[in-house]
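Chemist: Dropping in run.csv, which is CSV, C-alpha atoms:
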chain,number,residue,atom,x,y,z
V,1,ILE,CA,26.6,-4.0,-26.3
V,2,LEU,CA,26.4,-1.7,-23.4
V,3,PRO,CA,29.3,0.6,-22.2
V,4,PRO,CA,31.1,-0.5,-19.1
V,5,THR,CA,29.6,2.3,-17.1
V,6,MET,CA,26.3,4.0,-18.1
V,7,SER,CA,26.1,7.7,-17.3
V,8,LEU,CA,24.0,8.7,-14.4
V,9,PHE,CA,23.0,11.8,-16.3
V,10,LEU,CA,20.3,10.2,-18.4
V,11,LYS,CA,18.1,12.2,-20.7
V,12,ASP,CA,14.5,11.7,-21.4
V,13,ASP,CA,15.1,10.8,-25.0
V,14,SER,CA,17.5,8.0,-24.0
V,15,ILE,CA,14.9,6.2,-21.8
V,16,GLN,CA,11.8,4.4,-22.9
V,17,ILE,CA,9.2,3.9,-20.2
V,18,ARG,CA,7.3,0.8,-21.5
V,19,GLU,CA,3.7,1.2,-20.4
V,20,VAL,CA,2.1,-2.2,-19.7
V,21,TRP,CA,-1.6,-2.8,-20.0
V,22,SER,CA,-3.8,-5.9,-20.3
V,23,ASP,CA,-3.3,-6.2,-24.0
V,24,ASN,CA,0.5,-6.2,-24.0
V,25,LEU,CA,1.2,-7.8,-20.7
V,26,GLN,CA,2.3,-11.2,-22.1
V,27,GLU,CA,4.8,-9.8,-24.6
V,28,GLU,CA,6.3,-7.4,-22.0
V,29,MET,CA,6.7,-10.2,-19.5
V,30,ASP,CA,8.4,-12.3,-22.3
V,31,LEU,CA,10.9,-9.4,-22.7
V,32,ILE,CA,11.5,-9.3,-19.0
V,33,ARG,CA,12.3,-13.0,-18.9
V,34,GLU,CA,15.1,-12.4,-21.4
V,35,VAL,CA,16.4,-9.5,-19.5
V,36,VAL,CA,16.5,-10.6,-15.9
V,37,ASP,CA,19.5,-13.0,-16.1
V,38,ASP,CA,21.9,-10.3,-17.4
V,39,PHE,CA,20.3,-7.5,-15.4
V,40,PRO,CA,19.5,-9.0,-12.0
V,41,TYR,CA,19.2,-5.8,-10.0
V,42,VAL,CA,15.5,-5.0,-9.9
V,43,ALA,CA,14.6,-1.5,-8.6
V,44,MET,CA,10.9,-1.4,-7.7
V,45,ASP,CA,8.3,1.1,-6.8
V,46,THR,CA,4.5,1.0,-6.4
V,47,GLU,CA,1.7,3.6,-6.4
V,48,PHE,CA,-1.3,2.8,-4.2
V,49,PRO,CA,-4.3,4.7,-2.7
V,50,GLY,CA,-2.4,6.0,0.4
V,51,ILE,CA,-3.0,5.1,4.1
V,52,VAL,CA,-6.6,5.2,5.1
V,53,VAL,CA,-6.7,3.4,8.5
V,54,ARG,CA,-4.5,3.2,11.6
V,55,PRO,CA,-4.8,0.6,14.3
V,56,VAL,CA,-5.9,1.3,17.9
V,57,GLY,CA,-4.3,-0.6,20.6
V,58,THR,CA,-1.1,-1.2,22.6
V,59,PHE,CA,2.0,-2.4,20.7
V,60,LYS,CA,5.4,-3.7,21.9
V,61,SER,CA,7.4,-1.6,19.5
V,62,ASN,CA,7.2,1.0,16.7
V,63,ALA,CA,7.9,-1.8,14.2
V,64,ASP,CA,4.8,-3.8,15.4
V,65,TYR,CA,2.6,-0.7,15.1
V,66,HIS,CA,4.0,0.1,11.6
V,67,TYR,CA,3.4,-3.5,10.5
V,68,GLU,CA,-0.1,-3.6,11.8
V,69,THR,CA,-0.8,-0.3,9.9
V,70,LEU,CA,0.7,-1.7,6.7
V,71,LYS,CA,-1.2,-5.0,7.0
V,72,LEU,CA,-4.6,-3.3,7.5
V,73,ASN,CA,-4.2,-0.9,4.6
V,74,VAL,CA,-2.7,-3.4,2.1
V,75,ASN,CA,-5.5,-5.9,2.9
V,76,ILE,CA,-8.3,-3.5,2.1
V,77,LEU,CA,-6.7,-1.5,-0.8
V,78,ASN,CA,-5.5,-2.3,-4.3
V,79,ILE,CA,-2.3,-1.5,-6.1
V,80,ILE,CA,-2.5,1.1,-8.8
V,81,GLN,CA,0.9,1.0,-10.5
V,82,LEU,CA,4.2,-1.0,-10.4
V,83,GLY,CA,7.5,0.2,-11.8
V,84,LEU,CA,10.4,-2.0,-12.5
V,85,THR,CA,13.9,-1.0,-13.5
V,86,PHE,CA,16.5,-3.7,-14.3
V,87,SER,CA,20.2,-3.1,-14.2
V,88,ASN,CA,23.5,-5.1,-13.9
V,89,GLU,CA,26.3,-4.9,-11.4
V,90,GLN,CA,27.7,-1.8,-13.1
V,91,GLY,CA,24.3,0.0,-13.1
V,92,ASN,CA,23.7,-0.4,-16.8
V,93,LEU,CA,20.1,-0.8,-18.1
V,94,PRO,CA,18.9,-3.1,-20.8
V,95,THR,CA,17.9,-1.9,-24.2
V,96,CYS,CA,14.9,-3.1,-26.2
V,97,GLY,CA,13.9,-2.8,-29.8
V,98,THR,CA,15.7,-1.2,-32.7
V,99,ASP,CA,16.2,2.3,-31.3
V,100,SER,CA,18.6,1.2,-28.5
V,101,LYS,CA,16.8,3.1,-25.8
V,102,TYR,CA,17.2,2.0,-22.2
V,103,CYS,CA,14.0,0.3,-21.1
V,104,ILE,CA,12.1,0.4,-17.8
V,105,TRP,CA,8.6,-1.0,-17.2
V,106,GLN,CA,5.4,0.5,-15.8
V,107,PHE,CA,2.5,-1.8,-15.0
V,108,ASN,CA,-1.0,-0.3,-14.7
V,109,PHE,CA,-3.6,-2.2,-12.8
V,110,ARG,CA,-7.4,-2.2,-13.0
V,111,GLU,CA,-8.7,-3.2,-9.6
V,112,PHE,CA,-8.7,0.2,-7.9
V,113,ASP,CA,-12.0,1.9,-8.5
V,114,LEU,CA,-12.1,5.7,-7.9
V,115,ASP,CA,-15.8,5.7,-7.5
V,116,SER,CA,-16.3,2.9,-5.0
V,117,ASP,CA,-13.0,2.2,-3.2
V,118,ILE,CA,-11.7,3.9,-0.1
V,119,PHE,CA,-8.7,6.1,-0.6
V,120,ALA,CA,-6.7,9.0,0.8
V,121,VAL,CA,-7.7,12.1,-1.1
V,122,ASP,CA,-4.2,13.7,-0.9
V,123,SER,CA,-2.6,10.6,-2.4
V,124,ILE,CA,-5.1,10.3,-5.2
V,125,ASP,CA,-4.9,14.0,-6.0
V,126,LEU,CA,-1.2,13.7,-6.2
V,127,LEU,CA,-1.4,10.8,-8.6
V,128,LYS,CA,-3.9,12.6,-10.8
V,129,GLN,CA,-1.6,15.6,-10.9
V,130,SER,CA,1.2,13.3,-12.0
V,131,GLY,CA,-0.8,12.1,-15.0
V,132,ILE,CA,-2.3,8.8,-13.9
V,133,ASP,CA,-5.5,8.2,-15.8
V,134,PHE,CA,-7.7,6.2,-13.5
V,135,ALA,CA,-10.5,5.8,-16.1
V,136,LYS,CA,-8.0,4.2,-18.5
V,137,ASN,CA,-6.6,2.0,-15.7
V,138,THR,CA,-10.2,0.7,-15.2
V,139,ARG,CA,-10.8,0.1,-18.9
V,140,GLN,CA,-7.4,-1.3,-20.0
V,141,GLY,CA,-5.5,-2.1,-16.8
V,142,ILE,CA,-4.0,-5.4,-15.9
V,143,GLU,CA,-5.9,-8.0,-13.9
V,144,SER,CA,-3.8,-8.6,-10.8
V,145,SER,CA,-4.3,-12.4,-10.8
V,146,ARG,CA,-3.1,-12.7,-14.4
V,147,PHE,CA,0.0,-10.6,-13.6
V,148,ALA,CA,0.7,-12.7,-10.5
V,149,GLU,CA,0.7,-15.9,-12.6
V,150,LEU,CA,3.1,-14.4,-15.1
V,151,LEU,CA,5.3,-12.9,-12.4
V,152,MET,CA,5.7,-16.3,-10.7
V,153,SER,CA,7.2,-17.8,-13.9
V,154,SER,CA,9.2,-14.7,-14.9
V,155,GLY,CA,12.4,-15.6,-13.1
V,156,ILE,CA,12.2,-12.3,-11.1
V,157,VAL,CA,10.7,-13.8,-7.9
V,158,LEU,CA,11.8,-17.0,-6.1
V,159,ASN,CA,15.3,-16.3,-7.5
V,160,GLY,CA,18.3,-16.0,-5.2
V,161,ASN,CA,20.3,-14.3,-7.9
V,162,VAL,CA,18.0,-11.4,-8.2
V,163,HIS,CA,18.7,-8.3,-6.0
V,164,TRP,CA,15.7,-6.2,-5.2
V,165,VAL,CA,16.4,-2.5,-4.7
V,166,THR,CA,13.8,-0.3,-3.0
V,167,PHE,CA,13.3,2.8,-0.9
V,168,HIS,CA,11.2,2.5,2.3
V,169,SER,CA,9.5,-0.4,0.7
V,170,GLY,CA,7.3,-2.2,3.3
V,171,TYR,CA,4.1,-1.2,1.4
V,172,ASP,CA,5.7,-2.1,-2.0
V,173,PHE,CA,6.5,-5.6,-0.9
V,174,GLY,CA,3.2,-5.9,1.0
V,175,TYR,CA,1.2,-5.3,-2.2
V,176,LEU,CA,3.4,-7.7,-4.2
V,177,LEU,CA,3.0,-10.4,-1.6
V,178,LYS,CA,-0.8,-9.9,-1.7
V,179,LEU,CA,-0.7,-10.4,-5.5
V,180,LEU,CA,1.6,-13.4,-5.4
V,181,THR,CA,-0.1,-15.3,-2.6
V,182,CYS,CA,-3.7,-14.2,-3.5
V,183,LYS,CA,-4.1,-13.8,0.3
V,184,ASN,CA,-4.2,-11.1,2.9
V,185,LEU,CA,-0.9,-10.4,4.6
V,186,PRO,CA,-0.1,-12.6,7.6
V,187,ASP,CA,-0.9,-11.5,11.1
V,188,SER,CA,2.7,-11.4,12.3
V,189,GLN,CA,5.8,-9.7,11.1
V,190,THR,CA,7.7,-13.0,11.4
V,191,SER,CA,5.4,-14.7,8.9
V,192,PHE,CA,5.6,-11.6,6.7
V,193,PHE,CA,9.4,-11.7,6.6
V,194,GLU,CA,9.4,-15.5,6.0
V,195,LEU,CA,7.4,-14.8,2.8
V,196,ILE,CA,9.7,-11.9,1.8
V,197,ASN,CA,12.7,-14.3,2.2
V,198,VAL,CA,11.0,-16.9,-0.1
V,199,TYR,CA,9.8,-14.6,-2.9
V,200,PHE,CA,12.5,-11.9,-2.6
V,201,PRO,CA,15.6,-13.6,-1.1
V,202,THR,CA,17.8,-10.5,-1.5
V,203,VAL,CA,16.4,-7.1,-0.7
V,204,TYR,CA,18.1,-3.7,-0.3
V,205,ASP,CA,16.2,-0.9,1.2
V,206,ILE,CA,18.0,2.4,0.5
V,207,LYS,CA,16.3,4.1,3.4
V,208,HIS,CA,18.0,1.5,5.7
V,209,LEU,CA,21.3,1.9,3.9
V,210,MET,CA,21.2,5.7,4.6
V,211,LYS,CA,21.6,5.0,8.3
V,212,PHE,CA,25.2,4.0,7.5
V,213,CYS,CA,26.0,7.1,5.5
V,214,ASN,CA,26.8,10.4,7.3
V,215,SER,CA,24.7,13.4,6.5
V,216,LEU,CA,22.1,11.7,4.3
V,217,HIS,CA,18.5,12.2,5.1
V,218,GLY,CA,15.0,12.7,3.7
V,219,GLY,CA,12.9,10.9,1.1
V,220,LEU,CA,13.9,9.6,-2.3
V,221,ASN,CA,13.7,12.9,-4.1
V,222,LYS,CA,15.8,14.6,-1.4
V,223,LEU,CA,18.4,11.9,-1.5
V,224,ALA,CA,18.6,12.0,-5.2
V,225,GLU,CA,19.2,15.8,-5.0
V,226,LEU,CA,21.9,15.3,-2.4
V,227,LEU,CA,23.6,12.7,-4.6
V,228,GLU,CA,23.1,14.8,-7.8
V,229,VAL,CA,21.1,12.2,-9.5
V,230,GLU,CA,18.6,13.6,-12.0
V,231,ARG,CA,15.1,12.3,-12.5
V,232,VAL,CA,13.8,11.1,-15.9
V,233,GLY,CA,10.1,11.0,-16.3
V,234,ILE,CA,7.3,12.2,-14.1
V,235,CYS,CA,7.5,12.2,-10.3
V,236,HIS,CA,5.0,9.9,-8.5
V,237,GLN,CA,4.7,7.6,-11.4
V,238,ALA,CA,6.0,4.1,-10.6
V,239,GLY,CA,8.3,3.7,-13.6
V,240,SER,CA,10.1,7.0,-13.1
V,241,ASP,CA,10.4,6.4,-9.4
V,242,SER,CA,11.9,2.9,-9.9
V,243,LEU,CA,14.5,4.4,-12.3
V,244,LEU,CA,15.4,7.1,-9.8
V,245,THR,CA,15.7,4.4,-7.1
V,246,SER,CA,18.0,2.4,-9.3
V,247,CYS,CA,20.3,5.3,-10.1
V,248,THR,CA,20.3,6.5,-6.5
V,249,PHE,CA,21.3,3.1,-5.3
V,250,ARG,CA,24.2,2.9,-7.7
V,251,LYS,CA,25.4,6.4,-6.6
V,252,LEU,CA,25.1,5.6,-3.0
V,253,LYS,CA,27.0,2.3,-3.4
V,254,GLU,CA,29.8,4.0,-5.3
V,255,ASN,CA,30.2,6.9,-2.8
V,256,PHE,CA,29.6,5.3,0.6
V,257,PHE,CA,30.3,1.6,0.5
V,258,VAL,CA,33.3,-0.6,-0.3
V,259,GLY,CA,32.8,-4.2,-1.2
V,260,PRO,CA,29.5,-6.3,-1.2
V,261,LEU,CA,26.4,-5.0,0.5
V,262,GLN,CA,25.1,-8.4,1.5
V,263,LYS,CA,25.3,-7.7,5.2
V,264,TYR,CA,22.8,-4.8,4.8
V,265,ALA,CA,20.3,-7.0,2.9
V,266,GLY,CA,17.0,-8.3,4.2
V,267,VAL,CA,15.9,-5.2,6.3
V,268,LEU,CA,12.9,-3.1,5.4
V,269,TYR,CA,13.1,0.3,7.0
V,270,GLY,CA,10.6,0.7,9.9
V,271,LEU,CA,9.8,-3.0,10.1
V,272,GLY,CA,11.3,-5.9,12.0
V,273,VAL,CA,13.9,-5.8,14.8
V,274,GLU,CA,16.7,-3.3,14.0
V,275,ASN,CA,20.1,-3.4,15.7
V,276,GLY,CA,18.9,-6.3,17.8
V,277,LYS,CA,16.5,-4.2,19.8
V,278,ASN,CA,12.8,-3.5,19.9
V,279,VAL,CA,12.2,0.2,19.9
V,280,PRO,CA,9.6,1.2,22.5
V,281,LEU,CA,6.5,2.7,20.9
V,282,ARG,CA,5.7,6.3,21.5
V,283,PRO,CA,2.2,7.0,22.7
V,284,LEU,CA,-0.2,7.0,19.7
V,285,THR,CA,-3.1,8.9,20.9
V,286,ASN,CA,-5.2,9.6,24.0
V,287,TYR,CA,-7.5,6.9,22.8
V,288,THR,CA,-5.3,3.9,22.8
V,289,THR,CA,-8.2,2.4,24.7
V,290,VAL,CA,-11.5,4.2,24.7
V,291,PRO,CA,-13.2,5.2,28.0
V,292,LEU,CA,-16.9,4.3,27.7
V,293,GLY,CA,-18.4,5.2,31.0
V,294,TYR,CA,-20.1,1.8,31.6
V,295,LYS,CA,-19.5,0.2,35.0
V,296,LYS,CA,-19.2,-3.3,33.7
V,297,SER,CA,-17.0,-2.4,30.8
V,298,PRO,CA,-15.0,0.7,31.7
V,299,ARG,CA,-12.6,0.5,28.7
V,300,LEU,CA,-12.7,-0.9,25.3
V,301,VAL,CA,-9.9,-1.8,22.9
V,302,VAL,CA,-11.1,-2.0,19.3
V,303,SER,CA,-10.1,-5.3,17.8
V,304,TYR,CA,-9.1,-6.4,14.3
V,305,GLU,CA,-12.5,-8.1,13.9
V,306,SER,CA,-14.1,-4.7,14.4
V,307,TYR,CA,-11.9,-3.2,11.6
V,308,LYS,CA,-13.3,-5.8,9.2
V,309,PHE,CA,-16.8,-5.1,10.3
V,310,VAL,CA,-16.4,-1.4,9.9
V,311,PHE,CA,-15.0,-1.6,6.3
V,312,GLU,CA,-17.6,-4.2,5.2
V,313,ALA,CA,-20.4,-1.9,6.5
V,314,MET,CA,-18.7,1.1,4.9
V,315,ARG,CA,-18.6,-0.7,1.6
V,316,LEU,CA,-22.3,-1.4,1.7
V,317,VAL,CA,-23.5,1.9,3.1
V,318,LEU,CA,-21.1,4.5,1.7
V,319,CYS,CA,-19.7,2.9,-1.5
V,320,TYR,CA,-22.8,1.4,-3.1
V,321,PRO,CA,-22.3,0.9,-6.8
V,322,ARG,CA,-23.5,3.6,-9.2
V,323,GLY,CA,-26.9,3.0,-10.8
V,324,HIS,CA,-28.5,2.0,-7.5
V,325,GLY,CA,-29.5,5.5,-6.3
V,326,SER,CA,-32.9,4.6,-4.9
V,327,GLU,CA,-31.5,1.8,-2.7
V,328,LEU,CA,-28.7,4.0,-1.5
V,329,THR,CA,-31.2,6.7,-0.5
V,330,LEU,CA,-33.3,4.1,1.3
V,331,ARG,CA,-30.2,2.8,3.2
V,332,LYS,CA,-29.4,6.3,4.3
V,333,SER,CA,-32.9,7.2,5.4
V,334,ARG,CA,-33.2,4.1,7.4
V,335,ALA,CA,-29.7,4.6,8.9
V,336,HIS,CA,-30.6,8.2,9.7
V,337,GLY,CA,-33.6,7.1,11.7
V,338,VAL,CA,-31.4,4.9,13.8
V,339,LEU,CA,-28.7,7.5,14.3
V,340,MET,CA,-30.5,9.6,16.8
V,341,LYS,CA,-31.2,6.6,19.0
V,342,LEU,CA,-27.7,5.2,18.7
V,343,LEU,CA,-25.8,8.3,19.4
V,344,LYS,CA,-27.6,8.8,22.7
V,345,LEU,CA,-26.1,5.5,23.8
V,346,ILE,CA,-22.5,6.4,23.0
V,347,GLU,CA,-20.4,9.4,24.0
V,348,LYS,CA,-19.6,11.7,21.2
V,349,ARG,CA,-15.9,11.4,21.8
V,350,VAL,CA,-16.1,7.6,21.4
V,351,ALA,CA,-17.8,7.9,18.0
V,352,LEU,CA,-15.2,10.4,16.9
V,353,SER,CA,-12.2,8.5,18.2
V,354,CYS,CA,-13.2,5.3,16.6
V,355,VAL,CA,-13.6,6.6,13.1
V,356,LEU,CA,-10.8,4.4,11.7
V,357,VAL,CA,-10.8,5.8,8.2
V,358,GLU,CA,-8.8,9.0,7.9
V,359,ASP,CA,-9.9,10.1,4.5
V,360,TYR,CA,-12.4,8.5,2.1
V,361,ASN,CA,-13.2,11.3,-0.2
V,362,GLN,CA,-15.0,13.3,2.5
V,363,ARG,CA,-18.4,11.7,1.8
V,364,ASP,CA,-21.1,11.1,4.3
V,365,TYR,CA,-19.2,11.6,7.5
V,366,LEU,CA,-22.4,11.2,9.5
V,367,TYR,CA,-22.8,7.6,8.3
V,368,VAL,CA,-19.3,6.6,9.4
V,369,LEU,CA,-20.5,7.6,12.9
V,370,ILE,CA,-23.4,5.3,12.5
V,371,ILE,CA,-21.3,2.4,11.5
V,372,THR,CA,-18.6,2.9,14.2
V,373,SER,CA,-21.3,3.3,16.8
V,374,ILE,CA,-23.0,0.0,15.8
V,375,CYS,CA,-19.6,-1.6,15.7
V,376,LEU,CA,-18.8,-0.5,19.3
V,377,LEU,CA,-22.2,-1.6,20.6
V,378,PHE,CA,-21.9,-5.0,18.9
V,379,GLN,CA,-18.4,-5.6,20.3
V,380,MET,CA,-19.7,-4.8,23.8
V,381,ARG,CA,-22.4,-7.4,23.2
V,382,ILE,CA,-25.2,-4.9,24.0
V,383,LYS,CA,-27.4,-6.5,21.4
V,384,PRO,CA,-30.7,-5.6,23.1
V,385,LEU,CA,-29.7,-1.9,22.8
V,386,VAL,CA,-29.1,-2.3,19.2
V,387,ASN,CA,-32.4,-4.1,18.7
V,388,LYS,CA,-34.2,-1.3,20.5
V,389,ALA,CA,-32.7,1.1,18.0
V,390,GLY,CA,-34.4,-0.9,15.2
V,391,VAL,CA,-31.3,-2.5,13.7
V,392,SER,CA,-30.4,-6.2,13.4
V,393,LEU,CA,-26.7,-6.5,12.5
V,394,ALA,CA,-27.0,-9.8,10.9
V,395,ASP,CA,-29.9,-8.9,8.7
V,396,GLY,CA,-29.3,-5.2,8.4
V,397,LEU,CA,-26.0,-3.6,7.6
V,398,LEU,CA,-24.4,-6.9,6.5
V,399,SER,CA,-27.3,-7.9,4.2
V,400,SER,CA,-27.7,-6.7,0.6
V,401,SER,CA,-30.8,-4.6,1.5
V,402,TYR,CA,-32.9,-3.3,4.3
V,403,ASP,CA,-36.1,-5.1,3.2
V,404,THR,CA,-36.6,-6.8,6.6
V,405,ASN,CA,-34.9,-4.4,8.9
What does the file become when written as structure tokens?

Modeler:
Amino acid sequence: ILPPTMSLFLKDDSIQIREVWSDNLQEEMDLIREVVDDFPYVAMDTEFPGIVVRPVGTFKSNADYHYETLKLNVNILNIIQLGLTFSNEQGNLPTCGTDSKYCIWQFNFREFDLDSDIFAVDSIDLLKQSGIDFAKNTRQGIESSRFAELLMSSGIVLNGNVHWVTFHSGYDFGYLLKLLTCKNLPDSQTSFFELINVYFPTVYDIKHLMKFCNSLHGGLNKLAELLEVERVGICHQAGSDSLLTSCTFRKLKENFFVGPLQKYAGVLYGLGVENGKNVPLRPLTNYTTVPLGYKKSPRLVVSYESYKFVFEAMRLVLCYPRGHGSELTLRKSRAHGVLMKLLKLIEKRVALSCVLVEDYNQRDYLYVLIITSICLLFQMRIKPLVNKAGVSLADGLLSSSYDTN
């Protein structure tokens, strides 16, 4: 039996962060099924490989730009960790086992591959410093599809009695929706929020709640410091972050709000229409559209189809699996022969401005220029120019080898 009000000043030895891997996923999800009815407030945090791509184009609002960025990144990247902290109306946490420790859960996934996936170096370095063992995740991590099946029947999602508590959580929900639906995120924000309302009917984003609290600002760590909420566990691990989110939500609710918070639910900070108005988008870059210098096609807007082409080409050219060194060398030597011809056809600033990946472990920058150059030429439908350079897009970059091209 838990006390009426659990202390916010938790100690490390009073908390058990239950690490969930492939071999204990079933039993931990069974525990969660028993917990969720009595502890229906679910604080959630994810860890993922950062933001590696940003869209180019004209957008009606900041929210549209942020959603397009979210969608592109979530669709091409994989979740690394998920943290869940359950609590009741009073902020109490469940206990598990015989030692009566408060329990939170940390799920470790296997799909992210440090050797072949695109990622933001700063984000991955931070996760490494925080103690995430990527090799162990690959060996023992949870398969996302299996987790999704168990999550669907857990009572956590599709349940109007469950209150999701998050902090600036567009990406968090994006990755969960990708898992649950086994699909890429929808093209429009409207469809995205329709899915949110189905799977997570009640959502509180603390970053949104802060707008109604005088003098509060900053990220989760800064907010916790202002509210004098102590962290338990390691920063930038999903379990500890979800616990800090849960405790911060409780403190914020007690200090700044009276009565139910229902009217603040359903808003994810930075997405959607806020305060009934679309916020005009600030200029993104000098290359919202790219000047090409061709009379018939003076400006070019890079489309979503081009994004998909770029990343497929990058996967084949840059991220070829280990153990295929000779083929990778062949790919690069053939590509290098094409480079000199291609770059003469494209202004240097175009190639540079259309590098959509901000950070991919700093490998082979030259070959990103190749791919983006080919992408631009293909979109302009200057196929003869590409053929003169000795490359067939259909049988070259997008094929499994360069045998014929």

Chemist: Near Gly97 of chain V, counting all atoms listed in the file, which residues have an atom at most 12 Å away, once you skip same-chain residues fewer than 3 positions from it, shown as a VMD selection string?

Modeler: chain V and resid 16 18 28 31 94 100 to 103

Chemist: List as a list of chain:residue names: which residues have an atom within 10 Å of (-4.4, -4.0, 0.3), counting all atoms listed in the file?

Modeler: V:Phe48, V:Pro49, V:Ile51, V:Leu70, V:Lys71, V:Leu72, V:Asn73, V:Val74, V:Asn75, V:Ile76, V:Leu77, V:Asn78, V:Ile79, V:Tyr171, V:Gly174, V:Tyr175, V:Leu176, V:Leu177, V:Lys178, V:Leu179, V:Lys183, V:Asn184, V:Leu185

Chemist: Given only C-alpha atoms as the basis, pick out the residue of V:Gly91, V:Val35, V:Gly160, V:Phe134 nearest to Lys251 of chain V.

Modeler: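 Looking at the shortest contact to Lys251 of chain V, the residue is V:Gly91.
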
Chemist: Record the distance separating atom CA of Val52 of chain V and atom CA of Phe119 of chain V, expressed in Å with one decimal.

Modeler: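 According to the coordinates, atom CA of Val52 of chain V and atom CA of Phe119 of chain V are separated by 6.1 Å.
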
Chemist: For each of V:Arg110, V:Arg54, V:His236, V:His163, take the minimum atom-to-atom distance to Tyr204 of chain V, counting all atoms listed in the file, then give the residue where this is smallest.

Modeler: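 Distance minimum relative to Tyr204 of chain V lands on V:His163.
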
Chemist: Could you give me, as a list in words, the residues within 9 Å of segment 145-157 of chain V, counting all atoms listed in the file and dropping anything in the same chain fewer than 2 positions from it?

Modeler: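 Everything that qualifies: Leu25, Gln26, Met29, Asp30, Ile32, Arg33, Val36, Asp37, Pro40, Val42, Ile142, Glu143, Asn159, Gly160, Asn161, Val162, Leu176, Leu179, Leu180, Thr181, Cys182, Val198, Tyr199, Phe200 and Pro201 of chain V.
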
Chemist: Do you have the atom CA of Ser191 of chain V-atom CA of Tyr65 of chain V distance handy?

Modeler: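 Calculated distance between atom CA of Ser191 of chain V and atom CA of Tyr65 of chain V is 15.6 Å.
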
Chemist: So the first atom is atom CA of Glu19 of chain V and the second is atom CA of Cys247 of chain V; what is the distance between them in Å, to one decimal place?

Modeler: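 Value for the atom CA of Glu19 of chain V-atom CA of Cys247 of chain V distance: 20.0 Å.
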
Chemist: Which residues, written as a tab-separated table (two decimals) with C-alpha atoms, in the frame of the given file, have at least one atom at most 7 Å from Ala63 of chain V, with all atoms listed in the file counted and residues fewer than 5 positions away on the same chain left out?

Modeler:
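Full text of out-v6.tsv as output:
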chain	number	residue	atom	x	y	z
V	270	GLY	CA	10.60	0.70	9.90
V	271	LEU	CA	9.80	-3.00	10.10
V	272	GLY	CA	11.30	-5.90	12.00

Chemist: Which one is closest to Gly50 of chain V: V:Ser123, V:Thr95, V:Asn88, V:Gln106? Count all atoms listed in the file.

Modeler: V:Ser123

Chemist: Complete the atoms of segment 116-125 of chain V to N, CA, C and O atoms and put them out as a PDB file, in the frame of the given file.

Modeler:
ATOM      1  N   SER V 116     -15.738   3.759  -6.048  1.00  0.00           N
ATOM      2  CA  SER V 116     -16.300   2.900  -5.000  1.00  0.00           C
ATOM      3  C   SER V 116     -15.264   2.559  -3.897  1.00  0.00           C
ATOM      4  O   SER V 116     -15.644   2.165  -2.797  1.00  0.00           O
ATOM      5  N   ASP V 117     -13.968   2.662  -4.183  1.00  0.00           N
ATOM      6  CA  ASP V 117     -13.000   2.200  -3.200  1.00  0.00           C
ATOM      7  C   ASP V 117     -12.634   3.365  -2.231  1.00  0.00           C
ATOM      8  O   ASP V 117     -12.753   4.558  -2.539  1.00  0.00           O
ATOM      9  N   ILE V 118     -12.205   2.962  -1.052  1.00  0.00           N
ATOM     10  CA  ILE V 118     -11.700   3.900  -0.100  1.00  0.00           C
ATOM     11  C   ILE V 118     -10.308   4.372  -0.500  1.00  0.00           C
ATOM     12  O   ILE V 118      -9.525   3.585  -1.037  1.00  0.00           O
ATOM     13  N   PHE V 119      -9.990   5.644  -0.264  1.00  0.00           N
ATOM     14  CA  PHE V 119      -8.700   6.100  -0.600  1.00  0.00           C
ATOM     15  C   PHE V 119      -8.353   7.399   0.184  1.00  0.00           C
ATOM     16  O   PHE V 119      -9.250   8.026   0.755  1.00  0.00           O
ATOM     17  N   ALA V 120      -7.088   7.738   0.244  1.00  0.00           N
ATOM     18  CA  ALA V 120      -6.700   9.000   0.800  1.00  0.00           C
ATOM     19  C   ALA V 120      -6.690  10.075  -0.242  1.00  0.00           C
ATOM     20  O   ALA V 120      -6.026   9.945  -1.268  1.00  0.00           O
ATOM     21  N   VAL V 121      -7.461  11.108  -0.020  1.00  0.00           N
ATOM     22  CA  VAL V 121      -7.700  12.100  -1.100  1.00  0.00           C
ATOM     23  C   VAL V 121      -6.362  12.760  -1.502  1.00  0.00           C
ATOM     24  O   VAL V 121      -6.133  12.952  -2.705  1.00  0.00           O
ATOM     25  N   ASP V 122      -5.498  13.095  -0.550  1.00  0.00           N
ATOM     26  CA  ASP V 122      -4.200  13.700  -0.900  1.00  0.00           C
ATOM     27  C   ASP V 122      -3.404  12.834  -1.832  1.00  0.00           C
ATOM     28  O   ASP V 122      -2.785  13.319  -2.795  1.00  0.00           O
ATOM     29  N   SER V 123      -3.390  11.540  -1.553  1.00  0.00           N
ATOM     30  CA  SER V 123      -2.600  10.600  -2.400  1.00  0.00           C
ATOM     31  C   SER V 123      -3.166  10.524  -3.784  1.00  0.00           C
ATOM     32  O   SER V 123      -2.405  10.572  -4.765  1.00  0.00           O
ATOM     33  N   ILE V 124      -4.469  10.417  -3.908  1.00  0.00           N
ATOM     34  CA  ILE V 124      -5.100  10.300  -5.200  1.00  0.00           C
ATOM     35  C   ILE V 124      -4.950  11.598  -6.018  1.00  0.00           C
ATOM     36  O   ILE V 124      -4.685  11.591  -7.225  1.00  0.00           O
ATOM     37  N   ASP V 125      -5.112  12.724  -5.339  1.00  0.00           N
ATOM     38  CA  ASP V 125      -4.900  14.000  -6.000  1.00  0.00           C
ATOM     39  C   ASP V 125      -3.517  14.136  -6.567  1.00  0.00           C
ATOM     40  O   ASP V 125      -3.294  14.623  -7.684  1.00  0.00           O
TER      41      ASP V 125
END
